[in-house]
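See structure below.
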Amino acid sequence: MNKISTKLAAAFTIAVFIMEGLLMLYLHDNIIDSRIQEEFQSILSRGNSHRDVLEERFSNTTLHHIALMESKTETEVVITDKTHHVIISSKKLTGGMRELISESPNSFPREGRVIEANWKDVNYLATVTSFKNGADEGYVYMFKSASPLRNLIRKLNGHFLLAGIMSLIILACIHFLLSKMLTRPLINMKEATEELSKGHFGVKLPELGKDELGDLSTSIQTLANDLETIQQDRTEFLATISHELRTPLTYVLGYANVALRDEISETERKEYLTIIKEESKTIVTLIENLFELAKIDENNFSIHQEEIPSSPYFRKIINKITPAFKSRGMGLVLSVPDEFSFHADPIRLEQIIMNLLDNSLKYSKPGSTATVIARQHVQEKLDLTITDQGIGIPADELSQVFNRLYRIEKSRSREFGGSGLGLSIVKELVEAHGGQISIESEPNKGTSINIIL
Ligand SMILES: Nc1ncnc2c1ncn2[C@@H]1O[C@H](COP(=O)(O)OP(=O)(O)OP(=O)(O)O)[C@@H](O)[C@H]1O
Ligand SMILES: [Mg+2]
């Protein structure tokens with residue numbers, strides 16, 4: 001009973017039921033009422049026409065004529081004098097009739113009045129009209145059996161009951177169809193979300209068209225597909241990470257075992273320990289980078305944008321990294337054609353530049369030069385390009401360098417201790433600024449990365 005489908009259908013059914021009930025009640029009462037009115041009107045007008053005849057000519061013949069006429073119809077007539085004394089009647093009077101006559105009022109409008117209207121319980125409906133013809137005064141009573149009216153109303157009630165039952169059956173069918181068919185999609189969606197919460201992302205919902213239900217269904221389907229992709233990515237990512245960690249750790253373990261041997265010389269031991277130290281550094285950097293990415297993923301790191309004046313800011317960063325370039329025999333040039341200021345998080349932007357310059361440094365030959373060009377893009381926005389004359393990236397791999405743990409020729413970058421996380425961190429940071437990053441590269445010519453913040 002707490003199914004949404006049942007509730008929806010029940011609400012609809014109850015509403016229609018109440019509406020229909022009220023309508024039928026109204027119709028029923030109106031029809032019966034007008035039927036009864038018609039009945040009384042017909043007896044009254046009959047009485048009135050007898051009155052007219054009597055007022056025109058009051059004689060025994062007329063009286064007999066009226067009584068004879070009424071004895072052939074469904075109605076009965078009783079004519080009395082002023083003191084309710086019966087002069088003539090179309091039928092032998094019953095006790096009930098006498099009672100009505102003796103109790104009837106003496107004054108009423110000329111068109112007469114109803115003196116017995118209780119059609120449910122009495123035998124006769126009755127009306128009275130008065131007549132006056134000179135000295136002859138009296139009353140014309142009309143009686144009509146109530147049972148034909150009762151029968152008619154009973155029949156009418158029967159019809160209404162039948163109509164009521166029919167509409168209840170139809171309503172029940174609609175209720176059933178509503179709860180089954182209209183709300184089927186809702187149930188499907190509920191089941192789909194339950195599957196999702198259990199971690200089964202391969203759900204398939206049917207196409208439902210363009211209404212609100214359809215939109216909801218499409219959203220749930222999209223959510224399911226996204227979750228499936230995320231799950232696959234995560235599994236893949238974890239597999240790569242464990243692989244990445246296992247390689248340096250195998251080195252560490254292997255060299256530690258060798259270094260522990262008694263028979264090796266002190267110089268050899270030092271050499272092995274140095275390798276262990278280097279590999280451990282790689283592991284630490286890798287884990288730090290992964291942690292950085294995890295923070296970005298969880299959205300619990302924030303960008304604190306500040307207004308930064310271009311030249312002093314870039315100059316400071318370039319000065320910091322120039323020694324590393326010098327020691328590799330490489331040049332580093334900064335160009336800020338026009339002085340301007342822009343909005344960015346200074347610490348995060350430094351992280352971005354350091355990562356990119358670290359790549360230029362690692363993947364270039366001694367003697368080449370890296371260039372940093374900072375321009376104003378539009379108001380308060382930075383257009384930064386870092387270009388090197390390094391080994392470049394093959395065109396078919398360009399699209400993948402921003403992926404986590406992606407490296408080109410793993411063995412080649414292994415000697416530089418690269419883990420393949422630098423560019424993915426850069427990309428996340430740029431996107432956290434609401435900026436864009438693009439890369440161009442040609443093998444053996446160099447690489448150029450452009451950032452708009
Ligand atoms: N300027 C560049 N010139 C040539 N190749 C590059 C350049 N920048 C990146 N690459 C290639 O793209 C790959 C991904 O770069 P990324 O910075 O993400 O990782 P990494 O430098 O290997 O490791 P990390 O930056 O995490 O220490 C690198 O392995 C490298 O082969
Ligand atoms: Mg890098």
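Chain labels follow the order of the structure tokens: the first chain is A, the next B, and so on; residue numbering restarts at 1 in every chain, and ligands are counted from 1 in their shown order.
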Would you mind listing the residues within 6 Å of ligand 2, counting only C-alpha atoms and all ligand atoms, as JSON, numbers by chain?
-> {"A": [355, 359, 422, 423]}
Distance filter 7 Å around ligand 1, atoms: only C-alpha atoms and all ligand atoms, out as number ranges by chain | A: 286, 355-356, 359-360, 363-364, 388, 390-393, 401-402, 405-410, 413, 417-424, 446-447
Which residues come within 9 Å of range 97-100 of chain A, counting only C-alpha atoms, excluding same-chain residues fewer than 3 positions away, as number ranges by chain?
-> A: 93-94, 103-104, 115-116, 124, 126, 143
Could you give me, as a list of chain:residue names, the residues within 8 Å of range 266-275 of chain A, counting only C-alpha atoms and dropping anything in the same chain fewer than 2 positions from it?
->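 That gives A:Val252, A:Tyr255, A:Ala256, A:Val258, A:Ala259, A:Ile264, A:Lys277, A:Glu278, A:Glu279.
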Using only C-alpha atoms, what table do you get, as a Markdown table, when you list each residue of range 95-168 of chain A with an atom no more than 6 Å from range 66-88 of chain A, its nearest pair of atoms, and their distance in Å rounded to one decimal, rows by chain then rising number?
| residue | atom | partner | partner_atom | distance |
| --- | --- | --- | --- | --- |
| A:Glu137 | CA | A:Lys82 | CA | 5.7 |
| A:Gly138 | CA | A:Asp81 | CA | 4.0 |
| A:Tyr139 | CA | A:Thr80 | CA | 5.2 |
| A:Val140 | CA | A:Ile79 | CA | 4.6 |
| A:Tyr141 | CA | A:Val78 | CA | 4.9 |
| A:Met142 | CA | A:Val77 | CA | 4.7 |
| A:Phe143 | CA | A:Glu76 | CA | 5.0 |
| A:Lys144 | CA | A:Thr75 | CA | 4.6 |
Pick out the closest residue to Thr218 in chain A from this set: A:Met189, A:Leu63, A:Ile230, A:Val336. Count only C-alpha atoms.
->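 Looking only at the distances to Thr218 in chain A, the closest residue turns out to be A:Met189.
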Contacts of Ile31 in chain A at 10 Å or less, counting only C-alpha atoms, minus same-chain residues fewer than 5 places along, as JSON, numbers by chain?
-> {"A": [26, 36, 37, 153, 156]}
Pairwise distance for CA of Cys173 in chain A and CA of Gly158 in chain A, rounded to one decimal in Å =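 Between CA of Cys173 in chain A and CA of Gly158 in chain A the gap works out to 22.7 Å.
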Pick out each residue of range 280-433 of chain A that DSSP on the backbone tags as helix (DSSP H, G or I); I need them as a PyMOL selection string.
-> chain A and resi 280-298+310-327+346-362+395-400+410-414+422-432
I need the chosen residues saved as a PDB file, in the first residue's frame, with C-alpha atoms.
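Contents of result.pdb, as written:
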ATOM      1  CA  SER A 280      62.337   5.738  -2.218  1.00  0.00           C
ATOM      2  CA  LYS A 281      62.274   9.371  -3.334  1.00  0.00           C
ATOM      3  CA  THR A 282      60.389   8.327  -6.442  1.00  0.00           C
ATOM      4  CA  ILE A 283      57.857   6.477  -4.321  1.00  0.00           C
ATOM      5  CA  VAL A 284      57.433   9.471  -2.008  1.00  0.00           C
ATOM      6  CA  THR A 285      56.886  11.842  -4.953  1.00  0.00           C
ATOM      7  CA  LEU A 286      54.435   9.444  -6.518  1.00  0.00           C
ATOM      8  CA  ILE A 287      52.443   9.152  -3.315  1.00  0.00           C
ATOM      9  CA  GLU A 288      52.523  12.915  -2.772  1.00  0.00           C
ATOM     10  CA  ASN A 289      51.214  13.482  -6.264  1.00  0.00           C
ATOM     11  CA  LEU A 290      48.507  10.887  -5.847  1.00  0.00           C
ATOM     12  CA  PHE A 291      47.492  12.571  -2.616  1.00  0.00           C
ATOM     13  CA  GLU A 292      47.355  15.901  -4.412  1.00  0.00           C
ATOM     14  CA  LEU A 293      45.061  14.427  -7.061  1.00  0.00           C
ATOM     15  CA  ALA A 294      42.885  12.787  -4.448  1.00  0.00           C
ATOM     16  CA  LYS A 295      42.460  16.164  -2.753  1.00  0.00           C
ATOM     17  CA  ILE A 296      41.432  17.758  -6.046  1.00  0.00           C
ATOM     18  CA  ASP A 297      39.027  14.878  -6.700  1.00  0.00           C
ATOM     19  CA  GLU A 298      37.381  15.240  -3.333  1.00  0.00           C
ATOM     20  CA  SER A 310      52.561  39.803 -14.007  1.00  0.00           C
ATOM     21  CA  SER A 311      56.305  40.613 -14.202  1.00  0.00           C
ATOM     22  CA  PRO A 312      57.355  40.331 -10.527  1.00  0.00           C
ATOM     23  CA  TYR A 313      55.413  37.113 -10.060  1.00  0.00           C
ATOM     24  CA  PHE A 314      56.835  35.270 -13.086  1.00  0.00           C
ATOM     25  CA  ARG A 315      60.321  36.696 -12.488  1.00  0.00           C
ATOM     26  CA  LYS A 316      60.373  35.170  -8.986  1.00  0.00           C
ATOM     27  CA  ILE A 317      59.386  31.697 -10.226  1.00  0.00           C
ATOM     28  CA  ILE A 318      61.878  31.768 -13.114  1.00  0.00           C
ATOM     29  CA  ASN A 319      64.684  32.783 -10.729  1.00  0.00           C
ATOM     30  CA  LYS A 320      63.833  29.841  -8.514  1.00  0.00           C
ATOM     31  CA  ILE A 321      64.155  27.227 -11.282  1.00  0.00           C
ATOM     32  CA  THR A 322      66.930  28.786 -13.415  1.00  0.00           C
ATOM     33  CA  PRO A 323      69.747  26.993 -11.469  1.00  0.00           C
ATOM     34  CA  ALA A 324      68.252  23.614 -12.415  1.00  0.00           C
ATOM     35  CA  PHE A 325      68.265  24.609 -16.105  1.00  0.00           C
ATOM     36  CA  LYS A 326      71.820  25.971 -15.859  1.00  0.00           C
ATOM     37  CA  SER A 327      73.122  22.775 -14.317  1.00  0.00           C
ATOM     38  CA  PRO A 346      49.484  32.272  -6.885  1.00  0.00           C
ATOM     39  CA  ILE A 347      50.478  29.019  -5.160  1.00  0.00           C
ATOM     40  CA  ARG A 348      48.545  26.777  -7.551  1.00  0.00           C
ATOM     41  CA  LEU A 349      49.760  28.690 -10.607  1.00  0.00           C
ATOM     42  CA  GLU A 350      53.332  28.281  -9.415  1.00  0.00           C
ATOM     43  CA  GLN A 351      52.681  24.558  -9.075  1.00  0.00           C
ATOM     44  CA  ILE A 352      51.416  24.516 -12.680  1.00  0.00           C
ATOM     45  CA  ILE A 353      54.444  26.381 -14.056  1.00  0.00           C
ATOM     46  CA  MET A 354      56.895  24.293 -12.026  1.00  0.00           C
ATOM     47  CA  ASN A 355      55.372  21.066 -13.338  1.00  0.00           C
ATOM     48  CA  LEU A 356      55.504  22.261 -16.957  1.00  0.00           C
ATOM     49  CA  LEU A 357      59.060  23.576 -16.666  1.00  0.00           C
ATOM     50  CA  ASP A 358      60.086  20.345 -14.948  1.00  0.00           C
ATOM     51  CA  ASN A 359      58.870  18.496 -18.044  1.00  0.00           C
ATOM     52  CA  SER A 360      60.723  20.882 -20.371  1.00  0.00           C
ATOM     53  CA  LEU A 361      63.828  20.311 -18.312  1.00  0.00           C
ATOM     54  CA  LYS A 362      63.485  16.525 -18.229  1.00  0.00           C
ATOM     55  CA  ALA A 395      51.067  13.033 -32.429  1.00  0.00           C
ATOM     56  CA  ASP A 396      49.108   9.863 -31.628  1.00  0.00           C
ATOM     57  CA  GLU A 397      49.968  10.126 -27.944  1.00  0.00           C
ATOM     58  CA  LEU A 398      49.288  13.834 -27.529  1.00  0.00           C
ATOM     59  CA  SER A 399      45.717  13.301 -26.431  1.00  0.00           C
ATOM     60  CA  GLN A 400      46.756  10.938 -23.657  1.00  0.00           C
ATOM     61  CA  LYS A 410      58.076   4.325 -19.773  1.00  0.00           C
ATOM     62  CA  SER A 411      61.706   3.261 -19.760  1.00  0.00           C
ATOM     63  CA  ARG A 412      62.793   6.649 -21.056  1.00  0.00           C
ATOM     64  CA  SER A 413      61.069   8.689 -18.381  1.00  0.00           C
ATOM     65  CA  ARG A 414      61.963   6.197 -15.681  1.00  0.00           C
ATOM     66  CA  GLY A 422      52.510  15.925 -13.498  1.00  0.00           C
ATOM     67  CA  LEU A 423      50.337  16.879 -16.468  1.00  0.00           C
ATOM     68  CA  SER A 424      47.163  15.412 -15.003  1.00  0.00           C
ATOM     69  CA  ILE A 425      47.687  17.541 -11.887  1.00  0.00           C
ATOM     70  CA  VAL A 426      48.317  20.577 -14.108  1.00  0.00           C
ATOM     71  CA  LYS A 427      45.120  19.932 -16.011  1.00  0.00           C
ATOM     72  CA  GLU A 428      43.041  19.549 -12.842  1.00  0.00           C
ATOM     73  CA  LEU A 429      44.486  22.761 -11.412  1.00  0.00           C
ATOM     74  CA  VAL A 430      43.799  24.708 -14.602  1.00  0.00           C
ATOM     75  CA  GLU A 431      40.234  23.397 -14.654  1.00  0.00           C
ATOM     76  CA  ALA A 432      39.777  24.274 -10.995  1.00  0.00           C
TER      77      ALA A 432
END
When DSSP works through the backbone of this structure, what residues of range 265-433 of chain A end up as strand (DSSP E), shown as a list in words?
-> Glu306, Glu307, Ile308, Pro309, Gly331, Leu332, Val333, Leu334, Ser335, Ser341, Phe342, His343, Ala344, Thr369, Ala370, Thr371, Val372, Ile373, Ala374, Arg375, Gln376, Leu382, Asp383, Leu384, Thr385, Ile386, Thr387 and Asp388 of chain A
What is the CA of Glu380 in chain A-CA of His433 in chain A distance in Å, reported with one decimal?
->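 These two atoms are separated by 13.0 Å.
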With only C-alpha atoms as the basis for distance, which of A:Ser265, A:Ser59, A:Thr129, A:Thr235 is at the shortest distance from Ile43 in chain A?
->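 Of all the options, A:Thr129 lies closest to Ile43 in chain A.
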Could you give me, as a PyMOL selection string, the residues within 10 Å of Leu196 in chain A, counting only C-alpha atoms and dropping anything in the same chain fewer than 6 positions from it?
-> chain A and resi 190+202-203+220+223-224+227-228
How would the residues just picked look written out with all heavy atoms as a compact mmCIF listing (two decimals), in the first residue's frame?
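Once everything was written out, this is out-v3.txt:
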# COMPACT_ATOMS: atom_id res chain seq x y z
N LYS A 190 12.72 3.01 -9.74
CA LYS A 190 13.01 2.70 -8.34
C LYS A 190 13.92 1.46 -8.28
O LYS A 190 14.92 1.44 -7.58
CB LYS A 190 11.71 2.44 -7.60
CG LYS A 190 11.89 2.16 -6.13
CD LYS A 190 10.57 1.74 -5.50
CE LYS A 190 10.75 0.56 -4.61
NZ LYS A 190 9.94 -0.58 -4.88
N GLY A 202 25.20 -1.71 -14.37
CA GLY A 202 24.81 -2.06 -15.76
C GLY A 202 23.30 -2.04 -15.96
O GLY A 202 22.78 -2.89 -16.66
N VAL A 203 22.58 -1.07 -15.37
CA VAL A 203 21.12 -1.07 -15.53
C VAL A 203 20.72 -0.48 -16.88
O VAL A 203 21.42 0.36 -17.43
CB VAL A 203 20.42 -0.29 -14.40
CG1 VAL A 203 20.69 -0.93 -13.07
CG2 VAL A 203 20.85 1.15 -14.40
N ILE A 220 18.61 9.09 -14.81
CA ILE A 220 19.06 7.92 -14.05
C ILE A 220 19.97 7.06 -14.92
O ILE A 220 21.01 6.57 -14.48
CB ILE A 220 17.86 7.11 -13.53
CG1 ILE A 220 17.13 7.93 -12.48
CG2 ILE A 220 18.32 5.78 -12.95
CD1 ILE A 220 15.87 7.27 -11.96
N LEU A 223 23.30 8.71 -15.13
CA LEU A 223 23.99 8.51 -13.85
C LEU A 223 24.60 7.11 -13.80
O LEU A 223 25.76 6.93 -13.44
CB LEU A 223 22.99 8.70 -12.70
CG LEU A 223 23.53 8.43 -11.31
CD1 LEU A 223 24.50 9.53 -10.91
CD2 LEU A 223 22.40 8.34 -10.30
N ALA A 224 23.79 6.11 -14.21
CA ALA A 224 24.27 4.73 -14.18
C ALA A 224 25.48 4.57 -15.09
O ALA A 224 26.49 3.98 -14.69
CB ALA A 224 23.15 3.79 -14.61
N LEU A 227 28.50 6.26 -13.54
CA LEU A 227 29.03 5.48 -12.42
C LEU A 227 29.81 4.27 -12.94
O LEU A 227 30.85 3.92 -12.39
CB LEU A 227 27.89 5.02 -11.52
CG LEU A 227 27.30 6.10 -10.62
CD1 LEU A 227 26.08 5.58 -9.89
CD2 LEU A 227 28.33 6.59 -9.62
N GLU A 228 29.29 3.69 -14.03
CA GLU A 228 29.97 2.53 -14.59
C GLU A 228 31.37 2.93 -15.09
O GLU A 228 32.35 2.25 -14.81
CB GLU A 228 29.13 1.95 -15.73
CG GLU A 228 29.46 0.51 -16.01
CD GLU A 228 28.50 -0.11 -17.02
OE1 GLU A 228 27.76 0.65 -17.69
OE2 GLU A 228 28.53 -1.34 -17.16
